[in-house]
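Novice: Hey, dropping start-v7.cif in here, mmCIF, C-alpha atoms:
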```cif
data_my_file
loop_
_atom_site.label_atom_id
_atom_site.label_comp_id
_atom_site.auth_asym_id
_atom_site.auth_seq_id
_atom_site.Cartn_x
_atom_site.Cartn_y
_atom_site.Cartn_z
CA MET N 1 -102.49 257.05 -20.85
CA CYS N 2 -103.69 257.69 -24.39
CA LEU N 3 -104.44 254.87 -26.85
CA GLY N 4 -101.32 255.67 -28.88
CA SER N 5 -99.17 255.30 -25.79
CA GLU N 6 -100.75 251.93 -24.95
CA LEU N 7 -100.16 250.61 -28.48
CA SER N 8 -96.55 251.78 -28.40
CA VAL N 9 -95.89 250.06 -25.09
CA ARG N 10 -97.38 246.77 -26.37
CA LYS N 11 -95.55 246.88 -29.71
CA TYR N 12 -92.12 247.36 -28.16
CA LEU N 13 -92.71 245.30 -25.01
CA PRO N 14 -90.22 242.46 -25.86
CA GLY N 15 -87.39 244.95 -26.29
CA LEU N 16 -88.36 246.79 -23.11
CA LEU N 17 -88.46 243.53 -21.15
CA ALA N 18 -84.97 242.64 -22.40
CA LEU N 19 -83.62 245.99 -21.19
CA LEU N 20 -85.43 245.71 -17.86
CA THR N 21 -83.98 242.25 -17.28
CA ALA N 22 -80.51 243.56 -18.09
CA TYR N 23 -81.08 246.37 -15.60
CA VAL N 24 -81.82 243.82 -12.87
CA LEU N 25 -78.37 242.32 -13.52
CA VAL N 26 -76.77 245.79 -13.54
CA TYR N 27 -78.14 246.49 -10.07
CA VAL N 28 -76.95 243.17 -8.71
CA HIS N 29 -73.41 244.12 -9.73
CA ARG N 30 -73.86 247.70 -8.56
CA VAL N 31 -74.44 246.87 -4.91
CA ALA N 32 -72.99 243.34 -4.69
CA MET N 33 -69.72 244.33 -3.02
CA ALA N 34 -71.45 245.35 0.22
CA VAL N 35 -72.43 241.78 1.14
CA MET N 36 -69.09 240.37 -0.07
CA THR N 37 -67.03 242.68 2.13
CA PRO N 38 -66.35 240.08 4.89
CA GLU N 39 -64.99 237.49 2.40
CA LEU N 40 -63.01 240.07 0.43
CA SER N 41 -61.49 241.57 3.59
CA GLU N 42 -60.44 238.12 4.75
CA LEU N 43 -59.03 237.28 1.31
CA PHE N 44 -56.76 240.34 1.30
CA ALA N 45 -55.99 240.47 5.03
CA GLU N 46 -52.47 239.03 4.67
CA GLY N 47 -51.26 241.45 2.00
CA ASN N 48 -49.02 244.49 2.33
CA ILE N 49 -51.83 246.85 1.38
CA SER N 50 -54.82 247.53 3.65
CA ALA N 51 -57.70 245.15 2.93
CA GLU N 52 -60.17 248.01 3.40
CA PHE N 53 -58.34 250.08 0.78
CA ILE N 54 -58.37 247.21 -1.75
CA VAL N 55 -62.06 246.47 -1.19
CA SER N 56 -62.95 250.17 -1.51
CA GLN N 57 -61.05 250.37 -4.81
CA ILE N 58 -62.75 247.25 -6.18
CA THR N 59 -66.11 248.72 -5.19
CA ALA N 60 -65.43 252.22 -6.52
CA ALA N 61 -63.93 250.95 -9.82
CA TYR N 62 -67.44 250.13 -11.05
CA PHE N 63 -68.68 253.64 -10.37
CA TYR N 64 -65.72 255.44 -11.94
CA ALA N 65 -66.02 253.29 -15.07
CA TYR N 66 -69.81 253.71 -15.10
CA ALA N 67 -69.49 257.49 -14.73
CA LEU N 68 -66.72 257.88 -17.32
CA MET N 69 -68.67 255.82 -19.86
CA GLN N 70 -71.81 257.92 -19.54
CA ILE N 71 -70.97 260.63 -22.06
CA PRO N 72 -69.35 258.35 -24.69
CA GLY N 73 -72.09 255.83 -23.93
CA GLY N 74 -74.83 258.38 -24.60
CA VAL N 75 -73.19 259.31 -27.89
CA LEU N 76 -72.81 255.64 -28.87
CA ALA N 77 -76.41 254.83 -27.93
CA ASP N 78 -77.67 257.62 -30.19
CA VAL N 79 -75.22 256.92 -33.02
CA LEU N 80 -75.18 253.10 -33.08
CA GLY N 81 -78.66 252.56 -31.66
CA ILE N 82 -79.69 250.47 -28.70
CA LYS N 83 -79.54 247.17 -30.60
CA ARG N 84 -75.80 247.23 -31.20
CA TYR N 85 -74.57 249.28 -28.26
CA THR N 86 -76.42 247.33 -25.57
CA SER N 87 -75.48 243.93 -27.00
CA LEU N 88 -71.76 244.80 -27.11
CA SER N 89 -71.87 246.31 -23.62
CA LEU N 90 -73.38 243.17 -22.11
CA LEU N 91 -70.45 241.22 -23.55
CA LEU N 92 -68.14 243.48 -21.52
CA LEU N 93 -70.18 242.70 -18.42
CA PHE N 94 -69.78 238.97 -19.13
CA VAL N 95 -65.98 239.20 -19.46
CA GLY N 96 -65.72 241.42 -16.37
CA SER N 97 -67.61 238.87 -14.28
CA LEU N 98 -65.22 236.08 -15.30
CA LEU N 99 -62.20 238.17 -14.27
CA PHE N 100 -63.28 237.76 -10.64
CA THR N 101 -62.74 234.02 -10.71
CA PRO N 102 -58.90 234.02 -10.21
CA LEU N 103 -59.39 236.05 -6.97
CA ASN N 104 -56.56 238.39 -7.91
CA PRO N 105 -57.09 242.01 -6.71
CA LEU N 106 -55.78 243.61 -9.93
CA LEU N 107 -57.96 241.35 -12.06
CA MET N 108 -60.93 242.08 -9.79
CA ILE N 109 -60.45 245.82 -10.21
CA THR N 110 -60.13 245.32 -13.98
CA GLY N 111 -63.26 243.17 -13.92
CA ARG N 112 -65.19 245.84 -12.04
CA VAL N 113 -64.06 248.43 -14.58
CA LEU N 114 -65.39 246.26 -17.44
CA ILE N 115 -68.60 245.55 -15.55
CA GLY N 116 -69.11 249.25 -14.87
CA ALA N 117 -68.38 250.18 -18.49
CA GLY N 118 -70.78 247.52 -19.76
CA ALA N 119 -73.48 248.34 -17.22
CA ALA N 120 -73.35 252.02 -18.23
CA ALA N 121 -75.18 251.22 -21.46
CA ILE N 122 -78.37 249.89 -19.95
CA PHE N 123 -80.11 252.85 -18.31
CA ILE N 124 -78.93 255.18 -21.08
CA SER N 125 -80.45 252.76 -23.58
CA LEU N 126 -83.65 252.56 -21.53
CA GLN N 127 -83.99 256.35 -21.64
CA ARG N 128 -83.41 256.41 -25.40
CA PHE N 129 -85.88 253.54 -25.79
CA ILE N 130 -88.54 255.47 -23.85
CA ALA N 131 -87.92 258.68 -25.80
CA VAL N 132 -87.84 257.11 -29.28
CA PHE N 133 -90.67 254.58 -28.96
CA HIS N 134 -93.03 256.17 -26.39
CA SER N 135 -94.74 259.47 -25.63
CA LYS N 136 -94.00 261.87 -22.76
CA ASP N 137 -97.12 260.92 -20.81
CA VAL N 138 -95.60 257.54 -19.87
CA GLY N 139 -92.00 258.68 -19.40
CA ALA N 140 -91.88 258.87 -15.60
CA ARG N 141 -93.93 255.70 -15.14
CA ILE N 142 -91.71 253.58 -17.38
CA THR N 143 -88.66 255.09 -15.67
CA GLY N 144 -90.26 254.12 -12.35
CA VAL N 145 -90.86 250.57 -13.57
CA ALA N 146 -87.24 250.43 -14.76
CA LEU N 147 -85.94 251.47 -11.34
CA THR N 148 -88.28 248.97 -9.70
CA ALA N 149 -86.74 246.28 -11.92
CA GLY N 150 -83.30 247.53 -10.99
CA ASN N 151 -84.10 247.37 -7.33
CA ILE N 152 -85.23 243.79 -7.70
CA GLY N 153 -81.56 243.34 -8.54
CA ALA N 154 -80.63 245.34 -5.45
CA ILE N 155 -82.88 243.07 -3.36
CA LEU N 156 -81.24 239.98 -4.89
CA ALA N 157 -77.86 241.49 -4.01
CA THR N 158 -78.68 241.63 -0.29
CA ALA N 159 -79.71 238.55 1.69
CA PRO N 160 -80.05 236.18 -1.34
CA LEU N 161 -76.59 237.06 -2.67
CA ARG N 162 -75.20 236.93 0.85
CA PHE N 163 -76.48 233.35 1.09
CA LEU N 164 -74.96 232.40 -2.29
CA VAL N 165 -71.56 233.88 -1.40
CA GLY N 166 -71.58 232.15 1.99
CA TYR N 167 -72.62 228.83 0.49
CA ALA N 168 -70.70 228.72 -2.81
CA GLY N 169 -67.96 231.36 -2.48
CA ILE N 170 -67.00 234.35 -4.60
CA VAL N 171 -65.79 232.38 -7.65
CA ILE N 172 -69.02 230.43 -8.19
CA THR N 173 -71.06 233.56 -7.48
CA PHE N 174 -69.43 235.45 -10.35
CA VAL N 175 -69.75 232.50 -12.71
CA VAL N 176 -73.47 232.51 -11.91
CA LEU N 177 -73.60 236.26 -12.64
CA ALA N 178 -71.75 235.82 -15.96
CA VAL N 179 -74.33 233.47 -17.50
CA PRO N 180 -77.28 235.92 -17.80
CA ALA N 181 -74.97 238.60 -19.23
CA ILE N 182 -74.13 236.55 -22.33
CA LEU N 183 -77.76 235.45 -22.79
CA LEU N 184 -79.03 239.02 -22.50
CA SER N 185 -76.45 240.19 -25.04
CA LEU N 186 -78.07 237.93 -27.60
CA GLN N 187 -81.61 238.78 -26.49
CA THR N 188 -81.19 242.57 -26.79
CA TYR N 189 -79.64 242.21 -30.25
CA LEU N 190 -82.56 240.11 -31.47
CA GLN N 191 -85.45 242.03 -29.90
CA ILE N 192 -84.57 245.75 -30.16
CA PRO N 193 -85.01 247.39 -33.60
CA ASP N 194 -83.24 250.72 -32.95
CA LEU N 195 -80.17 251.26 -35.19
CA GLY N 196 -79.57 254.86 -34.18
CA ILE N 197 -78.82 258.05 -36.10
CA SER N 198 -76.07 256.37 -38.13
CA ALA N 199 -78.70 254.33 -39.99
CA ARG N 200 -79.96 257.63 -41.46
CA LEU N 201 -76.89 259.89 -41.57
CA GLY N 202 -73.94 257.49 -41.60
CA PHE N 203 -71.44 257.07 -38.79
CA LYS N 204 -69.25 260.14 -39.34
CA ASP N 205 -72.06 262.69 -39.72
CA SER N 206 -74.05 261.19 -36.86
CA ILE N 207 -71.05 261.60 -34.56
CA LYS N 208 -70.80 265.28 -35.56
CA VAL N 209 -74.43 266.14 -34.89
CA THR N 210 -74.48 264.20 -31.62
CA LEU N 211 -71.38 265.97 -30.30
CA LYS N 212 -73.01 269.27 -31.21
CA GLN N 213 -75.98 268.29 -29.05
CA LEU N 214 -73.60 267.34 -26.23
CA ARG N 215 -72.17 270.88 -26.24
CA VAL N 216 -75.69 272.29 -25.89
CA VAL N 217 -76.44 270.03 -22.92
CA ALA N 218 -73.09 270.66 -21.22
CA SER N 219 -73.64 274.43 -21.33
CA SER N 220 -77.06 274.25 -19.66
CA ILE N 221 -77.55 275.09 -15.97
CA HIS N 222 -80.62 272.85 -16.16
CA SER N 223 -78.50 269.79 -16.89
CA TRP N 224 -75.80 270.67 -14.34
CA SER N 225 -78.38 271.20 -11.59
CA LEU N 226 -80.01 267.86 -12.39
CA GLY N 227 -76.66 266.08 -12.39
CA ILE N 228 -75.65 267.47 -9.00
CA ALA N 229 -79.08 266.61 -7.59
CA LEU N 230 -78.69 263.06 -8.89
CA ALA N 231 -75.28 262.80 -7.21
CA THR N 232 -76.60 263.97 -3.84
CA THR N 233 -79.90 262.07 -3.78
CA TYR N 234 -79.38 258.77 -5.56
CA GLY N 235 -75.56 258.89 -5.45
CA SER N 236 -75.45 259.03 -1.66
CA THR N 237 -77.87 256.11 -1.32
CA LEU N 238 -75.93 254.11 -3.88
CA ALA N 239 -72.64 254.63 -2.03
CA PHE N 240 -74.38 253.49 1.15
CA GLN N 241 -75.97 250.40 -0.43
CA SER N 242 -72.90 249.27 -2.30
CA TYR N 243 -70.18 249.84 0.28
CA TRP N 244 -70.72 250.89 3.90
CA GLY N 245 -74.44 250.25 4.50
CA LEU N 246 -73.85 246.71 5.78
CA ARG N 247 -71.34 248.05 8.30
CA TYR N 248 -73.78 250.76 9.41
CA PHE N 249 -76.60 248.31 10.10
CA MET N 250 -74.24 245.92 11.89
CA SER N 251 -73.18 248.83 14.12
CA VAL N 252 -76.58 250.32 14.99
CA GLY N 253 -78.33 246.97 15.20
CA GLY N 254 -75.59 245.01 16.94
CA VAL N 255 -76.17 242.18 14.44
CA ASP N 256 -74.09 239.99 12.11
CA GLU N 257 -73.68 240.57 8.38
CA ASN N 258 -76.56 238.23 7.46
CA THR N 259 -79.09 240.10 9.59
CA ALA N 260 -77.68 243.47 8.51
CA SER N 261 -78.21 242.46 4.88
CA LEU N 262 -81.94 242.21 5.65
CA PHE N 263 -82.00 245.90 6.61
CA LEU N 264 -80.29 246.68 3.30
CA MET N 265 -83.02 244.65 1.64
CA VAL N 266 -85.63 246.91 3.26
CA VAL N 267 -83.97 249.93 1.59
CA ALA N 268 -84.11 248.24 -1.81
CA MET N 269 -87.65 246.89 -1.39
CA THR N 270 -89.03 250.27 -0.36
CA PHE N 271 -87.24 251.95 -3.25
CA ALA N 272 -88.67 249.35 -5.65
CA ALA N 273 -92.20 249.82 -4.33
CA ALA N 274 -92.07 253.62 -4.29
CA THR N 275 -90.66 254.34 -7.76
CA PRO N 276 -93.82 253.45 -9.76
CA VAL N 277 -95.85 255.55 -7.34
CA VAL N 278 -93.59 258.55 -7.87
CA GLY N 279 -93.78 258.02 -11.64
CA HIS N 280 -97.59 257.93 -11.53
CA VAL N 281 -97.73 261.09 -9.42
CA SER N 282 -95.47 262.91 -11.88
CA ASP N 283 -97.22 261.72 -15.08
CA LYS N 284 -100.85 261.72 -13.97
CA VAL N 285 -101.39 263.61 -10.69
CA VAL N 286 -99.26 266.76 -10.73
CA ARG N 287 -98.59 266.35 -14.50
CA GLY N 288 -95.15 267.79 -14.07
CA ARG N 289 -91.59 266.96 -13.05
CA LYS N 290 -90.25 269.97 -11.17
CA PRO N 291 -92.73 269.94 -8.24
CA VAL N 292 -91.63 266.36 -7.50
CA LEU N 293 -87.94 267.19 -7.91
CA LEU N 294 -88.14 270.08 -5.43
CA VAL N 295 -89.10 267.58 -2.72
CA ALA N 296 -86.37 265.02 -3.49
CA PRO N 297 -83.22 266.51 -1.82
CA ILE N 298 -85.14 267.74 1.24
CA PHE N 299 -86.65 264.30 1.82
CA GLN N 300 -83.22 262.75 1.24
CA ALA N 301 -81.56 265.07 3.78
CA ALA N 302 -84.24 264.14 6.33
CA ALA N 303 -83.64 260.42 5.73
CA TRP N 304 -79.89 260.78 6.34
CA GLY N 305 -80.66 262.82 9.45
CA PHE N 306 -82.79 259.94 10.71
CA LEU N 307 -79.92 257.48 10.20
CA TYR N 308 -77.56 259.89 11.96
CA ALA N 309 -79.89 260.08 14.98
CA LEU N 310 -79.96 256.28 15.23
CA LEU N 311 -76.17 256.16 15.15
CA ILE N 312 -75.53 258.67 17.94
CA LYS N 313 -78.43 257.77 20.25
CA SER N 314 -78.19 254.20 21.50
CA GLU N 315 -81.67 254.35 23.03
CA LEU N 316 -83.13 254.56 19.50
CA GLN N 317 -81.32 251.49 18.24
CA SER N 318 -84.20 249.01 18.09
CA ALA N 319 -85.04 246.73 15.18
CA PRO N 320 -88.39 248.45 14.42
CA LEU N 321 -86.82 251.94 14.29
CA ILE N 322 -83.89 250.71 12.21
CA SER N 323 -86.36 249.14 9.77
CA ILE N 324 -88.35 252.38 9.58
CA ALA N 325 -85.15 254.34 8.94
CA ALA N 326 -84.18 251.92 6.16
CA ALA N 327 -87.65 252.22 4.60
CA THR N 328 -87.49 256.03 4.86
CA LEU N 329 -84.18 256.05 3.00
CA GLY N 330 -85.60 253.83 0.25
CA ALA N 331 -88.71 256.00 -0.14
CA ALA N 332 -86.68 259.23 -0.16
CA SER N 333 -84.32 257.87 -2.81
CA ALA N 334 -87.24 256.96 -5.08
CA VAL N 335 -88.31 260.59 -5.51
CA HIS N 336 -85.26 261.33 -7.67
CA ILE N 337 -86.65 259.31 -10.63
CA VAL N 338 -88.05 262.43 -12.31
CA ILE N 339 -84.46 263.51 -12.98
CA ALA N 340 -84.11 261.02 -15.86
CA PRO N 341 -87.06 262.28 -17.94
CA MET N 342 -86.23 265.90 -17.07
CA ALA N 343 -82.70 265.37 -18.40
CA ARG N 344 -83.90 264.48 -21.92
CA GLU N 345 -87.43 265.87 -22.35
CA ILE N 346 -86.41 269.47 -23.10
CA TYR N 347 -84.21 268.27 -25.99
CA ASP N 348 -84.80 266.50 -29.32
CA ARG N 349 -85.71 262.86 -28.60
CA GLU N 350 -83.25 261.68 -31.28
CA TYR N 351 -80.43 262.73 -28.93
CA SER N 352 -82.02 261.47 -25.73
CA GLY N 353 -79.15 259.11 -24.94
CA THR N 354 -76.60 261.92 -25.04
CA SER N 355 -78.84 264.39 -23.18
CA PHE N 356 -79.54 261.96 -20.36
CA ALA N 357 -76.00 260.57 -20.22
CA PHE N 358 -74.44 263.93 -19.34
CA VAL N 359 -76.65 264.21 -16.26
CA ASN N 360 -76.07 260.57 -15.34
CA PHE N 361 -72.31 261.12 -15.66
CA LEU N 362 -72.43 263.80 -12.96
CA GLY N 363 -74.62 261.60 -10.77
CA PHE N 364 -72.38 258.54 -10.89
CA LEU N 365 -69.19 260.55 -10.60
CA GLY N 366 -70.71 261.84 -7.38
CA ALA N 367 -71.45 258.28 -6.24
CA ALA N 368 -67.85 257.23 -6.92
CA LEU N 369 -66.48 260.22 -5.01
CA LEU N 370 -68.79 259.50 -2.09
CA GLU N 371 -67.51 255.91 -2.01
CA THR N 372 -63.93 257.13 -1.98
CA LEU N 373 -64.80 259.50 0.87
CA VAL N 374 -65.40 256.65 3.33
CA PRO N 375 -61.78 255.51 3.85
CA LEU N 376 -60.57 259.13 3.62
CA VAL N 377 -62.49 260.07 6.77
CA GLY N 378 -61.45 256.87 8.50
CA GLY N 379 -64.86 255.30 8.07
CA LEU N 380 -66.42 257.69 10.62
CA MET N 381 -70.07 257.09 9.82
CA GLN N 382 -71.38 260.07 11.76
CA VAL N 383 -69.18 262.41 9.69
CA ILE N 384 -70.27 260.78 6.43
CA LEU N 385 -73.94 261.07 7.36
CA LEU N 386 -73.60 264.77 8.19
CA ILE N 387 -71.88 265.35 4.84
CA TYR N 388 -74.78 263.58 3.13
CA VAL N 389 -77.28 265.83 4.92
CA ALA N 390 -75.33 268.94 3.93
CA ILE N 391 -74.92 268.13 0.23
CA ASN N 392 -78.62 267.35 -0.14
CA LEU N 393 -79.53 270.68 1.42
CA VAL N 394 -77.26 272.37 -1.14
CA ALA N 395 -79.00 270.40 -3.90
CA SER N 396 -82.39 271.64 -2.64
CA ILE N 397 -81.27 275.12 -3.72
CA LEU N 398 -79.79 274.07 -7.06
CA VAL N 399 -82.89 272.22 -8.28
CA ARG N 400 -84.72 275.55 -8.41
CA PHE N 401 -82.63 276.38 -11.48
CA THR N 402 -84.08 273.45 -13.47
CA ARG N 403 -86.81 273.78 -16.10
CA GLU N 404 -90.15 272.01 -16.17
CA SER N 405 -89.90 269.51 -19.03
CA MET N 406 -93.28 267.82 -19.34
#
```
Since I need it in another form, could you write the structure as C-alpha cells?

Specialist:
Amino acid sequence: MCLGSELSVRKYLPGLLALLTAYVLVYVHRVAMAVMTPELSELFAEGNISAEFIVSQITAAYFYAYALMQIPGGVLADVLGIKRYTSLSLLLLFVGSLLFTPLNPLLMITGRVLIGAGAAAIFISLQRFIAVFHSKDVGARITGVALTAGNIGAILATAPLRFLVGYAGIVITFVVLAVPAILLSLQTYLQIPDLGISARLGFKDSIKVTLKQLRVVASSIHSWSLGIALATTYGSTLAFQSYWGLRYFMSVGGVDENTASLFLMVVAMTFAAATPVVGHVSDKVVRGRKPVLLVAPIFQAAAWGFLYALLIKSELQSAPLISIAAATLGAASAVHIVIAPMAREIYDREYSGTSFAFVNFLGFLGAALLETLVPLVGGLMQVILLIYVAINLVASILVRFTRESM
C-alpha cells in the first residue's frame, strides 16, 4: 500500500467505520429469517394460507426490495452523496424493524420491504466511498474488510440471534434491531463528507449525467457477466443462509434448530475470515481481479456438490464432515468479492455507485429468485443443490467475458 493510500484510509476512517457498522446491521437483517423460521411457522400455522408460503414471502421481500433499489440507489448515492442517502436509508431500516412488532404478516412483509430498501444503500455507499476517497490498490482489501464486517452480522444472526429470539421473542428482537438503525442514521450524516455530484452540478443536471452512465453500464457484457456471476456465487449462498440452510443442517445432522444454527455460523465465520485474504491476494499477490474471479464459480459449484453428497449419502453425515462442508461453502463464497471492484473500476469513479449498483441489482435479483425457488420445487433440497451446481458452472463460462479492471 502506498503512503497516499495509507493517509487516505486514516483521514476517512470515521466515515468508513460508520458504514462498516451499518453493514453489520444489514447482514443481521439479511439472514435473520432463517433462525426465526420455527417461531414464524408456529405463528402463522392456524391461518388459511400456508405458513411456509408466508415465511418465504417475508424472507424474499427483503431481497426483492434490495434488488429493485439497487439501480435507483446507485443513482441516488452518486447524485445526493453518501452523507444524505445513507442517513435517509437507515431511517427506512428503523421504521421497517418496528413494523414487525404487531406480528401481522402484511405488516411484516411491508417491514421487510422497507428494511431491504434501506439496507440497499449501504454496500453501494461503501463502494462509492472506496472509489471516491481511496486508490485502486486498496479496493479489494477494503471490500474484503467490509464483507468481513457484514459477516460478523451474519454470525450474530445465527446462534446469538437464535438465543435472543428464543429468550425474548420476535417483538423484542426487532425492537433491539431498531435502536442501532436510528443511531447509525445520525452517525453517518455527521461523519461522512460526500455530498455527491449534485453539489457540483445541481440536482437536475447530475441526474442526467448519471443516467447516461447507467446506459453505458447496462449495455456492457462485462457488467452483465459480473451480475450473473454474483447471482450464482453469492446469491445462492445468501438464499441458503437466509432461508433454507437451517432446515438443511437439521436434516443432514439430525439436530435441532439451535445446533443447526451453529453450522450456519461456521459458514459465516469462514466467509468472514476468508474475505480479507481474497482481497489481499487480488490487490497484492496476483495484482488483478479476473484471475480470482475465474476461480469463484468453479469453487462454488464444488461446494454445493459437497453439500449434495452429504444429503444423499447418510454414511457421510457426521458432525466433522458437515462442519467441513459448511466451512467450504463459506470459503467458496468469499472468492466472489472481486466482483464489486471489477464492477466500478473500469468506469469513472464519480459514477461508482451507479456502476456497481447495476451489477448488484442482478446479483440480488438472483438471490430473491433462488429464495422463491424453494417452495416452488416443494422444498426438495437435492433438486435445489443440483440447480445451484448447474448455474455456477454456467457462470464459470460467462466470467470469461469480463475485463480486467485493476

Novice: How would you write, as an mmCIF file with C-alpha atoms, in the frame of the given file, the residues chosen by the PyMOL selection byres ((chain N and resi 370) around 12) on this structure?

Specialist:
```
data_model
loop_
_atom_site.group_PDB
_atom_site.id
_atom_site.type_symbol
_atom_site.label_atom_id
_atom_site.label_comp_id
_atom_site.auth_asym_id
_atom_site.auth_seq_id
_atom_site.Cartn_x
_atom_site.Cartn_y
_atom_site.Cartn_z
ATOM 1 C CA SER N 56 -62.950 250.170 -1.510
ATOM 2 C CA THR N 59 -66.110 248.720 -5.190
ATOM 3 C CA ALA N 60 -65.430 252.220 -6.520
ATOM 4 C CA PHE N 63 -68.680 253.640 -10.370
ATOM 5 C CA TYR N 64 -65.720 255.440 -11.940
ATOM 6 C CA ALA N 231 -75.280 262.800 -7.210
ATOM 7 C CA THR N 232 -76.600 263.970 -3.840
ATOM 8 C CA THR N 233 -79.900 262.070 -3.780
ATOM 9 C CA TYR N 234 -79.380 258.770 -5.560
ATOM 10 C CA GLY N 235 -75.560 258.890 -5.450
ATOM 11 C CA SER N 236 -75.450 259.030 -1.660
ATOM 12 C CA THR N 237 -77.870 256.110 -1.320
ATOM 13 C CA LEU N 238 -75.930 254.110 -3.880
ATOM 14 C CA ALA N 239 -72.640 254.630 -2.030
ATOM 15 C CA PHE N 240 -74.380 253.490 1.150
ATOM 16 C CA GLN N 241 -75.970 250.400 -0.430
ATOM 17 C CA SER N 242 -72.900 249.270 -2.300
ATOM 18 C CA TYR N 243 -70.180 249.840 0.280
ATOM 19 C CA TRP N 244 -70.720 250.890 3.900
ATOM 20 C CA GLY N 363 -74.620 261.600 -10.770
ATOM 21 C CA PHE N 364 -72.380 258.540 -10.890
ATOM 22 C CA LEU N 365 -69.190 260.550 -10.600
ATOM 23 C CA GLY N 366 -70.710 261.840 -7.380
ATOM 24 C CA ALA N 367 -71.450 258.280 -6.240
ATOM 25 C CA ALA N 368 -67.850 257.230 -6.920
ATOM 26 C CA LEU N 369 -66.480 260.220 -5.010
ATOM 27 C CA GLU N 371 -67.510 255.910 -2.010
ATOM 28 C CA THR N 372 -63.930 257.130 -1.980
ATOM 29 C CA LEU N 373 -64.800 259.500 0.870
ATOM 30 C CA VAL N 374 -65.400 256.650 3.330
ATOM 31 C CA PRO N 375 -61.780 255.510 3.850
ATOM 32 C CA LEU N 376 -60.570 259.130 3.620
ATOM 33 C CA VAL N 377 -62.490 260.070 6.770
ATOM 34 C CA GLY N 379 -64.860 255.300 8.070
ATOM 35 C CA ILE N 384 -70.270 260.780 6.430
ATOM 36 C CA LEU N 385 -73.940 261.070 7.360
ATOM 37 C CA ILE N 387 -71.880 265.350 4.840
ATOM 38 C CA TYR N 388 -74.780 263.580 3.130
ATOM 39 C CA ILE N 391 -74.920 268.130 0.230
#
```

Novice: Work out how far apart CA of Phe100 (chain N) and CA of Val175 (chain N) are and give it in Å to one decimal.

Specialist: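 Going from CA of Phe100 (chain N) over to CA of Val175 (chain N) covers 8.6 Å.
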
Novice: Within 8 Å of region 181-195 of chain N, counting all atoms listed in the file, which residues qualify if same-chain residues fewer than 3 places away don't, as a ChimeraX atom specification?

Specialist: /N:12,14-15,18-19,21-22,25,79-84,86-91,93-94,177-178,198-199

Novice: Where does the PyMOL selection byres ((chain N and resi 282) around 10) land in this file, that is, which residues does it pick, as a count of residues only?

Specialist: 26

Novice: In Å, how far is it from CA of Ala67 (chain N) to CA of Ala117 (chain N)?

Specialist: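 Result for CA of Ala67 (chain N) versus CA of Ala117 (chain N): 8.3 Å, one decimal.
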
Novice: Please determine the residues with any atom at most 12 Å from (-88.7, 248.5, 8.1) (coordinates as given in the file, with only C-alpha atoms counting) and report them as a count of residues only.

Specialist: 24

Novice: Please compute the CA of Asn360 (chain N)-CA of Tyr248 (chain N) distance, one decimal, in Å.

Specialist: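 Taking CA of Asn360 (chain N) and CA of Tyr248 (chain N), their separation equals 26.7 Å.
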
Novice: Nearest to Ala334 (chain N): which of N:Gly150, N:Pro72, N:Gly202, N:Pro102 is it, counting all atoms listed in the file?

Specialist: N:Gly150
